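Some notes on the structure that comes next.
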Amino acid sequence: MAVKRIKEGIYWVGAIDWDRVLFDELVTLPEGTSYNAYLVLGNKKTALIDTVEPYKKEELFKNLEELEVEKIDYIISNHAEQDHSGAIPYVLERFPEAKVITNKKCKEMLIDLLELPEDKIEVIEEGQELSLGNKTLKFFMAPWVHWPETMFTWLKEDRILFTCDFLGSHIATSELFDTTDENRAKVYLETKRYYAEIMMPFRNFIKKHLNLIDALKPEIIAPSHGVVIKDVEFITGAYKRWVSDQVKPMVIIPFVSMHESTRHMVDFLTSELAKEEIIVRPYNLIKADIGNVAMDLVDAAAVVIASPTVLAGAHPSVISFAYLMNGLRPKTKFISVIGSYGWNGKVMVNHIQNTLKNVKAQWLEPLLVKGLPKKEDYRKLKAFAKELSAKVKEASIST
Ligand code: FEO
């Protein structure tokens with residue numbers, strides 16, 4: 001993808017990964033992704049803000065050639081993860097006079113991950129400024145969006161905040177900005193998916209970073225994935241809702257069923273909750289895009305995990321989901337387990353509960369059925385649906 005001009009002297013020079021399907025071999029990318037590197041041309045110095053995946057370095061170099069860049073003074077590294085830092089060694093090879101500018105923690109990680117020579121890196125402190133002549137960069141530490149070393153770079157004169165992963169989205173697009181009707185809905189959805197899969201465990205840190213952004217009042221936010229954001233309030237407003245304690249009257253039911261018994265329970269519970277005007281999302285974990293489940297974990301009031309008992313525990317796909325949920329630490333208020341067993345259902349419940357130790361939701365009494373659910377089991381499921389929907393409604397109003 002060719003160079004894109006953001007403002008006078010400020011260019012997108014990154015790379016688009018149109019058909020990448022997984023990130024970190026974990027996160028699904030239905031819209032591909034981009035690695036956004038930015039070039040800032042001051043009248044005295046030139047800075048490159050972040051780079052690209054190493055296998056995309058030729059696209060970066062082609063863009064720099066298009067702009068006839070002969071000298072880079074500074075390579076700003078906001079984040080050491082290789083999708084942004086991985087091409088730094090190659091940039092240093094081509095522009096040997098460049099210095100890498102980053103914070104102390106990121107410096108250590110760049111040395112560990114890329115074997116960068118220590119004397120090529122200059123450490124900056126919180127709030128420090130770096131003059132490019134008529135343009136000034138200022139640095140703010142922003143830990144845990146996404147690793148502990150992450151920081152923001154603020155371009156003072158143009159009021160652009162370069163946030164690296166934060167407020168980004170995995171979208172491959174030829175469009176630079178978020179401003180068309182066509183991409184607005186996609187940007188919202190993919191930004192939410194990105195938050196759900198990458199940022200959700202750090203929501204308490206994120207609240208502070210959103211306060212900083214409110215204070216800076218940027219005109220443009222330039223993240224390292226997806227589109228450049230002009231409608232800053234649209235995205236920060238969405239983020240504020242996601243990181244808040246507020247939940248929606250929604251129950252998600254991630255499930256696996258081997259011989260339909262658990263499935264009958266899930267179908268009945270789904271129907272009963274819907275009658276109570278609760279938003280219900282059953283997800284068959286054998287088929288579901290885990291990114292979609294993660295997106296609902298952002299604001300669902302309750303999660304009911306449904307599993308058969310197999311191999312003296314829960315189904316492995318259920319445990320895989322529970323492990324992920326435990327890591328994402330959603331703000332879910334209520335959680336429970338339902339399922340069918342042949343001779344011992346408690347081991348399945350214990351297995352799930354032991355996998356979810358980090359989730360601070362209130363546990364509701366599990367509901368287990370031997371074999372197929374019978375009349376009495378359906379009566380219990382109906383009562384459970386009534387109890388759960390009342391709790392979910394109350395939690396949704398009071399948060
Ligand atoms: Fe886009 Fe945490 O790297």
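In the structure tokens, chains take letters A, B, ... by order of appearance, with residues numbered from 1 within each chain and ligands from 1 in the order shown.
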
Review point. If you count only C-alpha atoms, which residues fall within 9 Å of Ser398 of chain A, apart from same-chain ones fewer than 4 positions away, as a list in words?
Key: Gln246, Lys393 and Glu394 of chain A

Keeping only C-alpha atoms, take the residues you just selected and write them out as a tab-separated table (two decimals), in the first residue's frame.
chain	number	residue	atom	x	y	z
A	246	GLN	CA	-21.67	-1.26	33.42
A	393	LYS	CA	-31.88	-7.11	35.02
A	394	GLU	CA	-31.07	-5.67	38.41

Could the residues of segment 272-324 of chain A that have an atom at most 8 Å from segment 28-35 of chain A be listed as CSV, each with its closest atom pair and the distance in Å to one decimal, counting only C-alpha atoms and ordered by chain and ascending residue number?
residue,atom,partner,partner_atom,distance
A:Asp289,CA,A:Thr28,CA,7.5
A:Ile290,CA,A:Thr28,CA,7.6
A:Gly291,CA,A:Thr28,CA,6.2

Write a file of the just-selected residues containing N, CA, C and O atoms, as an mmCIF file, in the first residue's frame.
data_model
loop_
_atom_site.group_PDB
_atom_site.id
_atom_site.type_symbol
_atom_site.label_atom_id
_atom_site.label_comp_id
_atom_site.auth_asym_id
_atom_site.auth_seq_id
_atom_site.Cartn_x
_atom_site.Cartn_y
_atom_site.Cartn_z
ATOM 1 N N ASP A 289 -16.574 -18.614 16.524
ATOM 2 C CA ASP A 289 -15.388 -17.759 16.459
ATOM 3 C C ASP A 289 -15.201 -17.206 17.874
ATOM 4 O O ASP A 289 -16.048 -16.465 18.378
ATOM 5 N N ILE A 290 -14.107 -17.571 18.500
ATOM 6 C CA ILE A 290 -13.901 -17.221 19.905
ATOM 7 C C ILE A 290 -13.825 -15.694 20.087
ATOM 8 O O ILE A 290 -14.127 -15.160 21.159
ATOM 9 N N GLY A 291 -13.484 -14.996 19.002
ATOM 10 C CA GLY A 291 -13.466 -13.527 19.052
ATOM 11 C C GLY A 291 -14.860 -12.967 19.292
ATOM 12 O O GLY A 291 -15.037 -11.968 20.003
#

Check your understanding: Between A:Gly133, A:Pro223, A:Pro316, A:Pro282, which is the closest to His79 of chain A once you count only C-alpha atoms?
Key ->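 Checking each of A:Gly133, A:Pro223, A:Pro316, A:Pro282 against His79 of chain A, counting only C-alpha atoms, the winner is A:Pro223.
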
Practice item. Do a neighbour search on segment 342-350 of chain A at 12 Å with only C-alpha atoms, toss out local chain neighbours closer than 4 positions, and write the hits as a PyMOL selection string. Key: chain A and resi 258-259+261-262+304-316+318-319+322+335-338+354-357+363-373

Point to revise | Cut-off 6 Å, only C-alpha atoms and all ligand atoms, neighbours of ligand 1 as number ranges by chain | key: A: 81, 83, 146, 165

Can you write just those residues out, N, CA, C and O atoms, as a PDB file, in the first residue's frame?
ATOM      1  N   GLU A  81       6.581  -5.222  21.015  1.00  0.00           N
ATOM      2  CA  GLU A  81       6.096  -6.425  20.326  1.00  0.00           C
ATOM      3  C   GLU A  81       6.516  -6.354  18.850  1.00  0.00           C
ATOM      4  O   GLU A  81       6.493  -5.293  18.224  1.00  0.00           O
ATOM      5  N   ASP A  83       5.412  -7.029  15.952  1.00  0.00           N
ATOM      6  CA  ASP A  83       4.641  -6.506  14.819  1.00  0.00           C
ATOM      7  C   ASP A  83       4.899  -5.003  14.625  1.00  0.00           C
ATOM      8  O   ASP A  83       4.594  -4.461  13.556  1.00  0.00           O
ATOM      9  N   HIS A 146      -0.155  -2.744  25.197  1.00  0.00           N
ATOM     10  CA  HIS A 146      -0.633  -4.022  25.632  1.00  0.00           C
ATOM     11  C   HIS A 146       0.328  -4.731  26.592  1.00  0.00           C
ATOM     12  O   HIS A 146      -0.080  -5.622  27.357  1.00  0.00           O
ATOM     13  N   ASP A 165      -0.789   0.009  20.036  1.00  0.00           N
ATOM     14  CA  ASP A 165      -1.928  -0.927  20.021  1.00  0.00           C
ATOM     15  C   ASP A 165      -3.227  -0.281  20.528  1.00  0.00           C
ATOM     16  O   ASP A 165      -4.328  -0.644  20.079  1.00  0.00           O
TER      17      ASP A 165
END

Review point. Which one is closest to Ile352 of chain A: A:Ser271, A:Tyr378, A:Ser320, A:Leu155? Count only C-alpha atoms.
Key: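 Under the stated criterion, the closest residue is A:Ser320.
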
Check your understanding: Can you list, as a ChimeraX atom specification, every protein, DNA or RNA residue that comes within 10 Å of Lys71 of chain A when you count only C-alpha atoms, leaving out same-chain residues fewer than 3 positions away?
Key -> /A:45-47,64,68,74,94-98

Could you turn the residues from that selection into a file that holds all heavy atoms, as a PDB file, in the first residue's frame?
ATOM      1  N   LYS A  45      14.696  17.611  11.838  1.00  0.00           N
ATOM      2  CA  LYS A  45      14.905  16.174  12.066  1.00  0.00           C
ATOM      3  C   LYS A  45      13.705  15.379  11.543  1.00  0.00           C
ATOM      4  O   LYS A  45      12.582  15.904  11.446  1.00  0.00           O
ATOM      5  CB  LYS A  45      15.056  15.883  13.567  1.00  0.00           C
ATOM      6  CG  LYS A  45      16.170  16.637  14.271  1.00  0.00           C
ATOM      7  CD  LYS A  45      17.514  15.983  14.031  1.00  0.00           C
ATOM      8  CE  LYS A  45      18.590  16.683  14.867  1.00  0.00           C
ATOM      9  NZ  LYS A  45      19.938  16.211  14.541  1.00  0.00           N
ATOM     10  N   THR A  46      13.970  14.098  11.297  1.00  0.00           N
ATOM     11  CA  THR A  46      12.921  13.191  10.804  1.00  0.00           C
ATOM     12  C   THR A  46      12.768  12.029  11.790  1.00  0.00           C
ATOM     13  O   THR A  46      13.767  11.453  12.223  1.00  0.00           O
ATOM     14  CB  THR A  46      13.315  12.638   9.419  1.00  0.00           C
ATOM     15  OG1 THR A  46      13.363  13.733   8.507  1.00  0.00           O
ATOM     16  CG2 THR A  46      12.311  11.620   8.917  1.00  0.00           C
ATOM     17  N   ALA A  47      11.516  11.716  12.106  1.00  0.00           N
ATOM     18  CA  ALA A  47      11.260  10.598  13.026  1.00  0.00           C
ATOM     19  C   ALA A  47      10.344   9.578  12.363  1.00  0.00           C
ATOM     20  O   ALA A  47       9.371   9.935  11.685  1.00  0.00           O
ATOM     21  CB  ALA A  47      10.619  11.110  14.317  1.00  0.00           C
ATOM     22  N   LEU A  64       9.107   4.620   2.204  1.00  0.00           N
ATOM     23  CA  LEU A  64      10.144   5.610   2.522  1.00  0.00           C
ATOM     24  C   LEU A  64      10.823   6.103   1.238  1.00  0.00           C
ATOM     25  O   LEU A  64      11.141   7.289   1.105  1.00  0.00           O
ATOM     26  CB  LEU A  64      11.173   5.024   3.490  1.00  0.00           C
ATOM     27  CG  LEU A  64      10.634   4.643   4.879  1.00  0.00           C
ATOM     28  CD1 LEU A  64      11.705   3.973   5.722  1.00  0.00           C
ATOM     29  CD2 LEU A  64      10.082   5.861   5.615  1.00  0.00           C
ATOM     30  N   GLU A  68      11.150   9.793  -0.739  1.00  0.00           N
ATOM     31  CA  GLU A  68      12.558  10.177  -0.940  1.00  0.00           C
ATOM     32  C   GLU A  68      13.258  10.485   0.383  1.00  0.00           C
ATOM     33  O   GLU A  68      13.960  11.489   0.524  1.00  0.00           O
ATOM     34  CB  GLU A  68      12.657  11.360  -1.913  1.00  0.00           C
ATOM     35  CG  GLU A  68      12.103  11.009  -3.282  1.00  0.00           C
ATOM     36  CD  GLU A  68      12.130  12.155  -4.265  1.00  0.00           C
ATOM     37  OE1 GLU A  68      12.453  13.277  -3.860  1.00  0.00           O
ATOM     38  OE2 GLU A  68      11.834  11.902  -5.440  1.00  0.00           O
ATOM     39  N   TYR A  74      15.435   9.615  14.120  1.00  0.00           N
ATOM     40  CA  TYR A  74      14.901   8.905  15.283  1.00  0.00           C
ATOM     41  C   TYR A  74      13.912   7.830  14.837  1.00  0.00           C
ATOM     42  O   TYR A  74      13.057   8.074  13.985  1.00  0.00           O
ATOM     43  CB  TYR A  74      14.161   9.866  16.214  1.00  0.00           C
ATOM     44  CG  TYR A  74      14.978  11.070  16.627  1.00  0.00           C
ATOM     45  CD1 TYR A  74      14.576  12.360  16.275  1.00  0.00           C
ATOM     46  CD2 TYR A  74      16.141  10.922  17.386  1.00  0.00           C
ATOM     47  CE1 TYR A  74      15.317  13.473  16.657  1.00  0.00           C
ATOM     48  CE2 TYR A  74      16.889  12.027  17.770  1.00  0.00           C
ATOM     49  CZ  TYR A  74      16.479  13.297  17.392  1.00  0.00           C
ATOM     50  OH  TYR A  74      17.207  14.386  17.768  1.00  0.00           O
ATOM     51  N   ARG A  94      19.665   0.213   7.183  1.00  0.00           N
ATOM     52  CA  ARG A  94      19.555   1.112   6.025  1.00  0.00           C
ATOM     53  C   ARG A  94      19.819   2.566   6.399  1.00  0.00           C
ATOM     54  O   ARG A  94      20.281   3.350   5.575  1.00  0.00           O
ATOM     55  CB  ARG A  94      18.166   0.959   5.396  1.00  0.00           C
ATOM     56  CG  ARG A  94      18.115   1.649   4.054  1.00  0.00           C
ATOM     57  CD  ARG A  94      16.972   1.218   3.193  1.00  0.00           C
ATOM     58  NE  ARG A  94      16.967  -0.194   2.833  1.00  0.00           N
ATOM     59  CZ  ARG A  94      16.235  -0.694   1.837  1.00  0.00           C
ATOM     60  NH1 ARG A  94      15.462   0.116   1.122  1.00  0.00           N
ATOM     61  NH2 ARG A  94      16.251  -1.968   1.569  1.00  0.00           N
ATOM     62  N   PHE A  95      19.500   2.926   7.646  1.00  0.00           N
ATOM     63  CA  PHE A  95      19.706   4.313   8.103  1.00  0.00           C
ATOM     64  C   PHE A  95      20.586   4.258   9.367  1.00  0.00           C
ATOM     65  O   PHE A  95      20.100   4.446  10.492  1.00  0.00           O
ATOM     66  CB  PHE A  95      18.360   4.995   8.412  1.00  0.00           C
ATOM     67  CG  PHE A  95      17.447   5.093   7.222  1.00  0.00           C
ATOM     68  CD1 PHE A  95      16.505   4.102   6.968  1.00  0.00           C
ATOM     69  CD2 PHE A  95      17.542   6.164   6.346  1.00  0.00           C
ATOM     70  CE1 PHE A  95      15.664   4.179   5.860  1.00  0.00           C
ATOM     71  CE2 PHE A  95      16.698   6.251   5.229  1.00  0.00           C
ATOM     72  CZ  PHE A  95      15.755   5.254   4.984  1.00  0.00           C
ATOM     73  N   PRO A  96      21.883   3.997   9.193  1.00  0.00           N
ATOM     74  CA  PRO A  96      22.748   3.709  10.355  1.00  0.00           C
ATOM     75  C   PRO A  96      22.907   4.891  11.311  1.00  0.00           C
ATOM     76  O   PRO A  96      23.305   4.700  12.461  1.00  0.00           O
ATOM     77  CB  PRO A  96      24.090   3.331   9.717  1.00  0.00           C
ATOM     78  CG  PRO A  96      24.007   3.697   8.287  1.00  0.00           C
ATOM     79  CD  PRO A  96      22.587   3.851   7.909  1.00  0.00           C
ATOM     80  N   GLU A  97      22.575   6.090  10.885  1.00  0.00           N
ATOM     81  CA  GLU A  97      22.698   7.264  11.767  1.00  0.00           C
ATOM     82  C   GLU A  97      21.496   7.381  12.719  1.00  0.00           C
ATOM     83  O   GLU A  97      21.525   8.170  13.661  1.00  0.00           O
ATOM     84  CB  GLU A  97      22.836   8.561  10.940  1.00  0.00           C
ATOM     85  CG  GLU A  97      21.594   9.002  10.177  1.00  0.00           C
ATOM     86  CD  GLU A  97      21.279   8.143   8.952  1.00  0.00           C
ATOM     87  OE1 GLU A  97      22.064   7.237   8.620  1.00  0.00           O
ATOM     88  OE2 GLU A  97      20.233   8.375   8.336  1.00  0.00           O
ATOM     89  N   ALA A  98      20.453   6.575  12.493  1.00  0.00           N
ATOM     90  CA  ALA A  98      19.233   6.706  13.321  1.00  0.00           C
ATOM     91  C   ALA A  98      19.467   6.195  14.739  1.00  0.00           C
ATOM     92  O   ALA A  98      20.250   5.267  14.976  1.00  0.00           O
ATOM     93  CB  ALA A  98      18.103   5.922  12.671  1.00  0.00           C
TER      94      ALA A  98
END

**Study point:** Test item: residues at most 8 Å from Lys156 of chain A, only C-alpha atoms, excluding those fewer than 2 positions along its chain, as number ranges by chain
**Key:** A: 135-138, 154, 158-160

Would you save the residues from that selection as a JSON list (two decimals), in the first residue's frame, using N, CA and C atoms?
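So result-v5.json came out as:
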[["chain", "number", "residue", "atom", "x", "y", "z"],
["A", 135, "LYS", "N", 8.42, 20.73, 14.66],
["A", 135, "LYS", "CA", 7.49, 19.76, 15.27],
["A", 135, "LYS", "C", 8.15, 19.17, 16.52],
["A", 136, "THR", "N", 7.30, 18.91, 17.53],
["A", 136, "THR", "CA", 7.83, 18.42, 18.81],
["A", 136, "THR", "C", 7.11, 17.14, 19.21],
["A", 137, "LEU", "N", 7.87, 16.14, 19.58],
["A", 137, "LEU", "CA", 7.29, 14.90, 20.11],
["A", 137, "LEU", "C", 7.41, 14.90, 21.63],
["A", 138, "LYS", "N", 6.37, 14.42, 22.28],
["A", 138, "LYS", "CA", 6.39, 14.32, 23.73],
["A", 138, "LYS", "C", 5.93, 12.90, 24.10],
["A", 154, "TRP", "N", 3.15, 11.92, 21.52],
["A", 154, "TRP", "CA", 2.24, 13.06, 21.26],
["A", 154, "TRP", "C", 2.96, 14.05, 20.35],
["A", 158, "ASP", "N", 0.58, 19.38, 15.98],
["A", 158, "ASP", "CA", -0.52, 18.85, 15.13],
["A", 158, "ASP", "C", -1.59, 18.14, 15.93],
["A", 159, "ARG", "N", -1.39, 18.04, 17.25],
["A", 159, "ARG", "CA", -2.36, 17.41, 18.15],
["A", 159, "ARG", "C", -2.72, 15.98, 17.71],
["A", 160, "ILE", "N", -1.67, 15.23, 17.38],
["A", 160, "ILE", "CA", -1.86, 13.82, 17.00],
["A", 160, "ILE", "C", -1.23, 12.95, 18.09]]

Exercise for review: Have a look at A:Phe384, A:Phe202, A:Tyr194, A:Phe268 and name the one nearest to Val27 of chain A; count only C-alpha atoms.
Suggested key: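 Distance minimum relative to Val27 of chain A lands on A:Tyr194.
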
Check your understanding: Within 9 Å of Glu149 of chain A, counting only C-alpha atoms, which residues qualify if same-chain residues fewer than 6 places away don't, as a ChimeraX atom specification?
Key -> /A:78-80,103-107,109,141-143

Let's have the selection written as an mmCIF file, in the first residue's frame, with C-alpha atoms.
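In the end it all went to out-v9.cif:
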data_model
loop_
_atom_site.group_PDB
_atom_site.id
_atom_site.type_symbol
_atom_site.label_atom_id
_atom_site.label_comp_id
_atom_site.auth_asym_id
_atom_site.auth_seq_id
_atom_site.Cartn_x
_atom_site.Cartn_y
_atom_site.Cartn_z
ATOM 1 C CA ASN A 78 6.171 2.800 21.466
ATOM 2 C CA HIS A 79 5.925 -0.961 22.038
ATOM 3 C CA ALA A 80 8.438 -3.809 21.818
ATOM 4 C CA ASN A 103 11.563 4.176 27.541
ATOM 5 C CA LYS A 104 13.782 2.162 29.885
ATOM 6 C CA LYS A 105 11.587 -0.934 30.046
ATOM 7 C CA CYS A 106 11.034 -1.003 26.300
ATOM 8 C CA LYS A 107 14.790 -0.649 25.742
ATOM 9 C CA MET A 109 12.770 -5.680 25.844
ATOM 10 C CA MET A 141 4.141 6.146 29.631
ATOM 11 C CA ALA A 142 1.025 4.042 29.088
ATOM 12 C CA PRO A 143 1.757 0.654 30.640
#

Practice item. Please return as a PyMOL selection string: the residues of segment 72-137 of chain A that backbone DSSP assigns to helix (DSSP H, G or I). Key: chain A and resi 82-85+88-94+104-114+118-120

Revision key, fill the gap. Of A:Tyr38, A:Tyr188, A:Tyr90, A:Phe61, the one nearest to Leu161 of chain A when counting only C-alpha atoms is A:Tyr38

Point to revise | Nearest residue to Ile235 of chain A from the set A:Leu26, A:Ile221, A:Leu48, A:Leu92 (distances using only C-alpha atoms) | key: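 Selected residue with least distance to Ile235 of chain A: A:Ile221.
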
Exercise for review: Report as a PyMOL selection string: the residues of segment 198-334 of chain A with a DSSP assignment of strand (DSSP E or B), based on the backbone of this structure.
Suggested key: chain A and resi 220-223+228-229+248-255+279-284+300-306+309-310+313-314+334
